[in-house]
Amino acid sequence: MSIINSIRRFIFNLPGKRFGYYRVIPIFVVAGAGLEYLMITWRPFGVNFYEVYKRKQAKEIAESRLNEER
């Protein structure tokens, strides 16, 4: 229960009392932007998320075109 109380205390100590629980939305927006930035720039094993996605999408398009020709 102490974790829940700590989270509740953190939320209610944020400014913007009239917004209630909605005052945490900017925190999640910033966290999402940070995650998106990491997915673009961080390259574990020399490749990032978008390169893998593009490669997989190109492979699916090529396979569908080959299946259409047959």
# chains A, B, ... in the order shown; residues from 1 in each chain; ligands from 1
call {"tool": "residues_around", "arguments": {"residues": "Leu14 in chain A", "least_positions_apart": "5", "cutoff": "10 Å", "atoms": "only C-alpha atoms", "output": "ChimeraX atom specification"}}
result
/A:9,20-21,23-24
call {"tool": "write_last_selection", "arguments": {"atoms": "N, CA, C and O atoms", "output": "mmCIF file, in the first residue's frame"}}
result
data_model
loop_
_atom_site.group_PDB
_atom_site.id
_atom_site.type_symbol
_atom_site.label_atom_id
_atom_site.label_comp_id
_atom_site.auth_asym_id
_atom_site.auth_seq_id
_atom_site.Cartn_x
_atom_site.Cartn_y
_atom_site.Cartn_z
ATOM 1 N N ARG A 9 0.337 10.679 -3.360
ATOM 2 C CA ARG A 9 0.929 11.880 -2.769
ATOM 3 C C ARG A 9 1.659 12.690 -3.847
ATOM 4 O O ARG A 9 1.553 13.920 -3.886
ATOM 5 N N GLY A 20 -7.430 17.971 -11.361
ATOM 6 C CA GLY A 20 -7.535 16.625 -10.803
ATOM 7 C C GLY A 20 -6.447 15.706 -11.342
ATOM 8 O O GLY A 20 -5.279 16.065 -11.422
ATOM 9 N N TYR A 21 -6.848 14.504 -11.739
ATOM 10 C CA TYR A 21 -5.883 13.532 -12.241
ATOM 11 C C TYR A 21 -5.341 13.896 -13.626
ATOM 12 O O TYR A 21 -4.336 13.364 -14.066
ATOM 13 N N ARG A 23 -3.850 16.436 -14.509
ATOM 14 C CA ARG A 23 -2.625 17.235 -14.448
ATOM 15 C C ARG A 23 -1.381 16.401 -14.679
ATOM 16 O O ARG A 23 -0.292 16.947 -14.840
ATOM 17 N N VAL A 24 -1.488 15.072 -14.734
ATOM 18 C CA VAL A 24 -0.320 14.234 -15.005
ATOM 19 C C VAL A 24 -0.125 13.993 -16.499
ATOM 20 O O VAL A 24 0.887 13.421 -16.904
#
call {"tool": "atom_distance", "arguments": {"atom1": "CA of Ser6 in chain A", "atom2": "CA of Tyr22 in chain A"}}
result
17.6 Å
call {"tool": "select_by_dssp", "arguments": {"residues": "chain A", "states": "alpha helix (DSSP H)", "output": "number ranges by chain"}}
result
A: 2-12, 25-41, 49-69
call {"tool": "write_last_selection", "arguments": {"atoms": "N, CA and C atoms", "output": "short mmCIF file (atom, residue, chain, number, x, y, z; two decimals), in the first residue's frame"}}
result
data_model
loop_
_atom_site.label_atom_id
_atom_site.label_comp_id
_atom_site.auth_asym_id
_atom_site.auth_seq_id
_atom_site.Cartn_x
_atom_site.Cartn_y
_atom_site.Cartn_z
N SER A 2 2.07 1.18 0.45
CA SER A 2 2.88 2.39 0.53
C SER A 2 3.23 2.92 -0.86
N ILE A 3 3.34 2.05 -1.86
CA ILE A 3 3.62 2.51 -3.22
C ILE A 3 2.44 3.31 -3.75
N ILE A 4 1.24 2.79 -3.54
CA ILE A 4 0.04 3.50 -3.99
C ILE A 4 -0.08 4.84 -3.29
N ASN A 5 0.19 4.87 -2.02
CA ASN A 5 0.13 6.14 -1.28
C ASN A 5 1.20 7.12 -1.76
N SER A 6 2.37 6.61 -2.11
CA SER A 6 3.44 7.47 -2.63
C SER A 6 3.04 8.07 -3.96
N ILE A 7 2.43 7.27 -4.84
CA ILE A 7 1.98 7.77 -6.14
C ILE A 7 0.88 8.80 -5.95
N ARG A 8 -0.06 8.50 -5.09
CA ARG A 8 -1.17 9.43 -4.82
C ARG A 8 -0.62 10.75 -4.26
N ARG A 9 0.34 10.68 -3.36
CA ARG A 9 0.93 11.88 -2.77
C ARG A 9 1.66 12.69 -3.85
N PHE A 10 2.37 12.00 -4.74
CA PHE A 10 3.08 12.69 -5.83
C PHE A 10 2.10 13.43 -6.73
N ILE A 11 1.01 12.75 -7.11
CA ILE A 11 0.03 13.36 -8.00
C ILE A 11 -0.61 14.58 -7.36
N PHE A 12 -0.97 14.47 -6.09
CA PHE A 12 -1.65 15.58 -5.45
C PHE A 12 -0.71 16.71 -5.06
N ILE A 25 -1.06 14.42 -17.34
CA ILE A 25 -0.96 14.20 -18.78
C ILE A 25 0.32 14.77 -19.37
N PRO A 26 0.75 15.99 -19.02
CA PRO A 26 2.02 16.48 -19.58
C PRO A 26 3.21 15.59 -19.27
N ILE A 27 3.21 14.94 -18.12
CA ILE A 27 4.30 14.02 -17.79
C ILE A 27 4.34 12.86 -18.78
N PHE A 28 3.16 12.30 -19.11
CA PHE A 28 3.11 11.19 -20.04
C PHE A 28 3.43 11.63 -21.47
N VAL A 29 3.07 12.85 -21.84
CA VAL A 29 3.41 13.36 -23.17
C VAL A 29 4.92 13.49 -23.30
N VAL A 30 5.57 14.04 -22.30
CA VAL A 30 7.03 14.19 -22.33
C VAL A 30 7.70 12.82 -22.33
N ALA A 31 7.19 11.89 -21.54
CA ALA A 31 7.76 10.54 -21.51
C ALA A 31 7.60 9.85 -22.86
N GLY A 32 6.45 10.03 -23.51
CA GLY A 32 6.24 9.45 -24.84
C GLY A 32 7.16 10.05 -25.89
N ALA A 33 7.36 11.36 -25.81
CA ALA A 33 8.28 12.01 -26.75
C ALA A 33 9.70 11.52 -26.53
N GLY A 34 10.08 11.34 -25.27
CA GLY A 34 11.42 10.81 -24.97
C GLY A 34 11.60 9.40 -25.50
N LEU A 35 10.58 8.57 -25.34
CA LEU A 35 10.64 7.21 -25.85
C LEU A 35 10.75 7.19 -27.37
N GLU A 36 9.98 8.04 -28.03
CA GLU A 36 10.03 8.14 -29.49
C GLU A 36 11.43 8.59 -29.94
N TYR A 37 12.00 9.55 -29.25
CA TYR A 37 13.34 10.02 -29.58
C TYR A 37 14.36 8.89 -29.43
N LEU A 38 14.24 8.13 -28.36
CA LEU A 38 15.16 7.00 -28.17
C LEU A 38 15.00 5.95 -29.26
N MET A 39 13.76 5.70 -29.68
CA MET A 39 13.54 4.70 -30.73
C MET A 39 14.17 5.14 -32.05
N ILE A 40 14.24 6.44 -32.28
CA ILE A 40 14.83 6.94 -33.52
C ILE A 40 16.35 6.96 -33.45
N THR A 41 16.91 7.41 -32.33
CA THR A 41 18.34 7.65 -32.27
C THR A 41 19.16 6.51 -31.68
N PHE A 49 14.74 0.92 -34.40
CA PHE A 49 13.37 0.41 -34.56
C PHE A 49 12.84 0.67 -35.96
N TYR A 50 13.04 1.86 -36.49
CA TYR A 50 12.45 2.22 -37.77
C TYR A 50 13.09 1.48 -38.92
N GLU A 51 14.37 1.20 -38.85
CA GLU A 51 15.01 0.42 -39.91
C GLU A 51 14.44 -0.99 -39.96
N VAL A 52 14.22 -1.59 -38.81
CA VAL A 52 13.63 -2.93 -38.75
C VAL A 52 12.22 -2.89 -39.33
N TYR A 53 11.44 -1.87 -38.96
CA TYR A 53 10.08 -1.75 -39.45
C TYR A 53 10.04 -1.58 -40.97
N LYS A 54 10.91 -0.71 -41.51
CA LYS A 54 10.95 -0.50 -42.96
C LYS A 54 11.35 -1.77 -43.69
N ARG A 55 12.33 -2.49 -43.16
CA ARG A 55 12.78 -3.72 -43.78
C ARG A 55 11.66 -4.75 -43.81
N LYS A 56 10.95 -4.89 -42.70
CA LYS A 56 9.86 -5.86 -42.63
C LYS A 56 8.73 -5.47 -43.58
N GLN A 57 8.42 -4.19 -43.67
CA GLN A 57 7.37 -3.71 -44.55
C GLN A 57 7.76 -3.92 -46.02
N ALA A 58 9.01 -3.66 -46.37
CA ALA A 58 9.46 -3.87 -47.74
C ALA A 58 9.40 -5.35 -48.11
N LYS A 59 9.75 -6.21 -47.16
CA LYS A 59 9.68 -7.65 -47.42
C LYS A 59 8.24 -8.09 -47.66
N GLU A 60 7.29 -7.57 -46.89
CA GLU A 60 5.88 -7.92 -47.07
C GLU A 60 5.35 -7.43 -48.41
N ILE A 61 5.75 -6.23 -48.84
CA ILE A 61 5.32 -5.69 -50.13
C ILE A 61 5.88 -6.53 -51.26
N ALA A 62 7.15 -6.89 -51.16
CA ALA A 62 7.76 -7.71 -52.20
C ALA A 62 7.09 -9.08 -52.28
N GLU A 63 6.79 -9.69 -51.16
CA GLU A 63 6.12 -10.99 -51.17
C GLU A 63 4.72 -10.90 -51.75
N SER A 64 4.00 -9.82 -51.45
CA SER A 64 2.65 -9.68 -52.00
C SER A 64 2.69 -9.46 -53.50
N ARG A 65 3.69 -8.73 -54.00
CA ARG A 65 3.81 -8.53 -55.45
C ARG A 65 4.20 -9.83 -56.15
N LEU A 66 5.04 -10.64 -55.53
CA LEU A 66 5.39 -11.93 -56.11
C LEU A 66 4.18 -12.85 -56.15
N ASN A 67 3.37 -12.82 -55.11
CA ASN A 67 2.16 -13.66 -55.08
C ASN A 67 1.14 -13.20 -56.10
N GLU A 68 1.07 -11.89 -56.40
CA GLU A 68 0.14 -11.37 -57.41
C GLU A 68 0.56 -11.81 -58.80
N GLU A 69 1.85 -11.90 -59.08
CA GLU A 69 2.34 -12.28 -60.39
C GLU A 69 2.08 -13.74 -60.70
#
call {"tool": "decode", "arguments": {"residues": "range 39-54 of chain A", "atoms": "all heavy atoms", "output": "mmCIF file, in the first residue's frame"}}
result
data_model
loop_
_atom_site.group_PDB
_atom_site.id
_atom_site.type_symbol
_atom_site.label_atom_id
_atom_site.label_comp_id
_atom_site.auth_asym_id
_atom_site.auth_seq_id
_atom_site.Cartn_x
_atom_site.Cartn_y
_atom_site.Cartn_z
ATOM 1 N N MET A 39 13.761 5.697 -29.683
ATOM 2 C CA MET A 39 13.540 4.702 -30.735
ATOM 3 C C MET A 39 14.171 5.138 -32.054
ATOM 4 O O MET A 39 14.583 4.297 -32.852
ATOM 5 C CB MET A 39 12.043 4.465 -30.919
ATOM 6 C CG MET A 39 11.411 3.724 -29.767
ATOM 7 S SD MET A 39 9.629 3.625 -29.880
ATOM 8 C CE MET A 39 9.426 2.550 -31.276
ATOM 9 N N ILE A 40 14.238 6.440 -32.282
ATOM 10 C CA ILE A 40 14.828 6.942 -33.523
ATOM 11 C C ILE A 40 16.349 6.960 -33.445
ATOM 12 O O ILE A 40 17.037 6.562 -34.389
ATOM 13 C CB ILE A 40 14.295 8.358 -33.825
ATOM 14 C CG1 ILE A 40 12.814 8.288 -34.163
ATOM 15 C CG2 ILE A 40 15.078 9.014 -34.957
ATOM 16 C CD1 ILE A 40 12.142 9.641 -34.239
ATOM 17 N N THR A 41 16.905 7.409 -32.328
ATOM 18 C CA THR A 41 18.343 7.654 -32.267
ATOM 19 C C THR A 41 19.160 6.515 -31.678
ATOM 20 O O THR A 41 20.322 6.344 -32.052
ATOM 21 C CB THR A 41 18.635 8.918 -31.442
ATOM 22 O OG1 THR A 41 18.113 8.749 -30.131
ATOM 23 C CG2 THR A 41 18.014 10.134 -32.074
ATOM 24 N N TRP A 42 18.623 5.760 -30.757
ATOM 25 C CA TRP A 42 19.386 4.699 -30.098
ATOM 26 C C TRP A 42 19.537 3.527 -31.040
ATOM 27 O O TRP A 42 18.564 3.053 -31.626
ATOM 28 C CB TRP A 42 18.689 4.289 -28.810
ATOM 29 C CG TRP A 42 19.452 3.321 -27.986
ATOM 30 C CD1 TRP A 42 20.757 3.380 -27.658
ATOM 31 C CD2 TRP A 42 18.947 2.130 -27.376
ATOM 32 N NE1 TRP A 42 21.096 2.309 -26.860
ATOM 33 C CE2 TRP A 42 20.001 1.533 -26.685
ATOM 34 C CE3 TRP A 42 17.696 1.539 -27.355
ATOM 35 C CZ2 TRP A 42 19.839 0.347 -25.981
ATOM 36 C CZ3 TRP A 42 17.534 0.366 -26.646
ATOM 37 C CH2 TRP A 42 18.607 -0.214 -25.969
ATOM 38 N N ARG A 43 20.733 3.014 -31.209
ATOM 39 C CA ARG A 43 21.013 1.932 -32.143
ATOM 40 C C ARG A 43 21.672 0.753 -31.445
ATOM 41 O O ARG A 43 22.882 0.543 -31.563
ATOM 42 C CB ARG A 43 21.927 2.424 -33.255
ATOM 43 C CG ARG A 43 21.300 3.479 -34.109
ATOM 44 C CD ARG A 43 22.286 3.943 -35.168
ATOM 45 N NE ARG A 43 21.622 4.807 -36.100
ATOM 46 C CZ ARG A 43 21.032 4.382 -37.200
ATOM 47 N NH1 ARG A 43 21.041 3.123 -37.511
ATOM 48 N NH2 ARG A 43 20.435 5.246 -37.999
ATOM 49 N N PRO A 44 20.879 -0.056 -30.740
ATOM 50 C CA PRO A 44 21.484 -1.268 -30.171
ATOM 51 C C PRO A 44 21.769 -2.252 -31.300
ATOM 52 O O PRO A 44 20.954 -2.433 -32.203
ATOM 53 C CB PRO A 44 20.408 -1.787 -29.220
ATOM 54 C CG PRO A 44 19.133 -1.261 -29.765
ATOM 55 C CD PRO A 44 19.472 0.049 -30.417
ATOM 56 N N PHE A 45 22.910 -2.862 -31.289
ATOM 57 C CA PHE A 45 23.344 -3.828 -32.305
ATOM 58 C C PHE A 45 23.378 -3.211 -33.696
ATOM 59 O O PHE A 45 23.222 -3.901 -34.699
ATOM 60 C CB PHE A 45 22.445 -5.072 -32.309
ATOM 61 C CG PHE A 45 22.301 -5.700 -30.952
ATOM 62 C CD1 PHE A 45 21.098 -5.662 -30.281
ATOM 63 C CD2 PHE A 45 23.379 -6.312 -30.344
ATOM 64 C CE1 PHE A 45 20.958 -6.230 -29.030
ATOM 65 C CE2 PHE A 45 23.254 -6.891 -29.091
ATOM 66 C CZ PHE A 45 22.045 -6.845 -28.429
ATOM 67 N N GLY A 46 23.539 -1.884 -33.804
ATOM 68 C CA GLY A 46 23.725 -1.223 -35.083
ATOM 69 C C GLY A 46 22.461 -0.983 -35.884
ATOM 70 O O GLY A 46 22.537 -0.623 -37.047
ATOM 71 N N VAL A 47 21.297 -1.193 -35.321
ATOM 72 C CA VAL A 47 20.052 -0.979 -36.063
ATOM 73 C C VAL A 47 19.025 -0.388 -35.096
ATOM 74 O O VAL A 47 19.043 -0.653 -33.903
ATOM 75 C CB VAL A 47 19.549 -2.300 -36.681
ATOM 76 C CG1 VAL A 47 19.131 -3.276 -35.624
ATOM 77 C CG2 VAL A 47 18.445 -2.070 -37.677
ATOM 78 N N ASN A 48 18.138 0.476 -35.630
ATOM 79 C CA ASN A 48 17.120 1.049 -34.758
ATOM 80 C C ASN A 48 15.736 0.527 -35.134
ATOM 81 O O ASN A 48 15.572 -0.220 -36.098
ATOM 82 C CB ASN A 48 17.164 2.577 -34.770
ATOM 83 C CG ASN A 48 16.834 3.185 -36.105
ATOM 84 O OD1 ASN A 48 16.422 2.506 -37.024
ATOM 85 N ND2 ASN A 48 17.014 4.480 -36.221
ATOM 86 N N PHE A 49 14.736 0.920 -34.397
ATOM 87 C CA PHE A 49 13.374 0.409 -34.558
ATOM 88 C C PHE A 49 12.839 0.666 -35.957
ATOM 89 O O PHE A 49 12.227 -0.206 -36.576
ATOM 90 C CB PHE A 49 12.466 1.060 -33.519
ATOM 91 C CG PHE A 49 11.014 0.801 -33.720
ATOM 92 C CD1 PHE A 49 10.469 -0.408 -33.340
ATOM 93 C CD2 PHE A 49 10.207 1.760 -34.305
ATOM 94 C CE1 PHE A 49 9.122 -0.657 -33.538
ATOM 95 C CE2 PHE A 49 8.867 1.521 -34.492
ATOM 96 C CZ PHE A 49 8.320 0.312 -34.117
ATOM 97 N N TYR A 50 13.035 1.865 -36.488
ATOM 98 C CA TYR A 50 12.447 2.219 -37.769
ATOM 99 C C TYR A 50 13.093 1.477 -38.925
ATOM 100 O O TYR A 50 12.422 1.160 -39.908
ATOM 101 C CB TYR A 50 12.505 3.733 -37.971
ATOM 102 C CG TYR A 50 11.546 4.429 -37.049
ATOM 103 C CD1 TYR A 50 12.001 5.106 -35.938
ATOM 104 C CD2 TYR A 50 10.186 4.351 -37.251
ATOM 105 C CE1 TYR A 50 11.123 5.712 -35.076
ATOM 106 C CE2 TYR A 50 9.296 4.941 -36.395
ATOM 107 C CZ TYR A 50 9.769 5.635 -35.308
ATOM 108 O OH TYR A 50 8.891 6.224 -34.440
ATOM 109 N N GLU A 51 14.372 1.197 -38.852
ATOM 110 C CA GLU A 51 15.010 0.417 -39.908
ATOM 111 C C GLU A 51 14.443 -0.994 -39.957
ATOM 112 O O GLU A 51 14.201 -1.540 -41.033
ATOM 113 C CB GLU A 51 16.519 0.378 -39.690
ATOM 114 C CG GLU A 51 17.190 1.716 -39.938
ATOM 115 C CD GLU A 51 18.662 1.697 -39.571
ATOM 116 O OE1 GLU A 51 19.156 0.668 -39.087
ATOM 117 O OE2 GLU A 51 19.312 2.737 -39.755
ATOM 118 N N VAL A 52 14.221 -1.587 -38.806
ATOM 119 C CA VAL A 52 13.629 -2.927 -38.755
ATOM 120 C C VAL A 52 12.220 -2.893 -39.325
ATOM 121 O O VAL A 52 11.828 -3.758 -40.108
ATOM 122 C CB VAL A 52 13.620 -3.467 -37.306
ATOM 123 C CG1 VAL A 52 12.847 -4.756 -37.199
ATOM 124 C CG2 VAL A 52 15.036 -3.649 -36.810
ATOM 125 N N TYR A 53 11.441 -1.872 -38.962
ATOM 126 C CA TYR A 53 10.076 -1.753 -39.453
ATOM 127 C C TYR A 53 10.044 -1.582 -40.971
ATOM 128 O O TYR A 53 9.261 -2.237 -41.662
ATOM 129 C CB TYR A 53 9.373 -0.573 -38.779
ATOM 130 C CG TYR A 53 7.982 -0.341 -39.288
ATOM 131 C CD1 TYR A 53 6.938 -1.167 -38.898
ATOM 132 C CD2 TYR A 53 7.706 0.696 -40.169
ATOM 133 C CE1 TYR A 53 5.657 -0.970 -39.372
ATOM 134 C CE2 TYR A 53 6.436 0.905 -40.654
ATOM 135 C CZ TYR A 53 5.413 0.074 -40.254
ATOM 136 O OH TYR A 53 4.150 0.273 -40.736
ATOM 137 N N LYS A 54 10.905 -0.714 -41.511
ATOM 138 C CA LYS A 54 10.953 -0.495 -42.964
ATOM 139 C C LYS A 54 11.351 -1.772 -43.695
ATOM 140 O O LYS A 54 10.794 -2.105 -44.740
ATOM 141 C CB LYS A 54 11.955 0.608 -43.300
ATOM 142 C CG LYS A 54 11.487 1.988 -43.003
ATOM 143 C CD LYS A 54 12.564 2.955 -43.470
ATOM 144 C CE LYS A 54 12.465 4.268 -42.800
ATOM 145 N NZ LYS A 54 13.548 5.177 -43.183
#
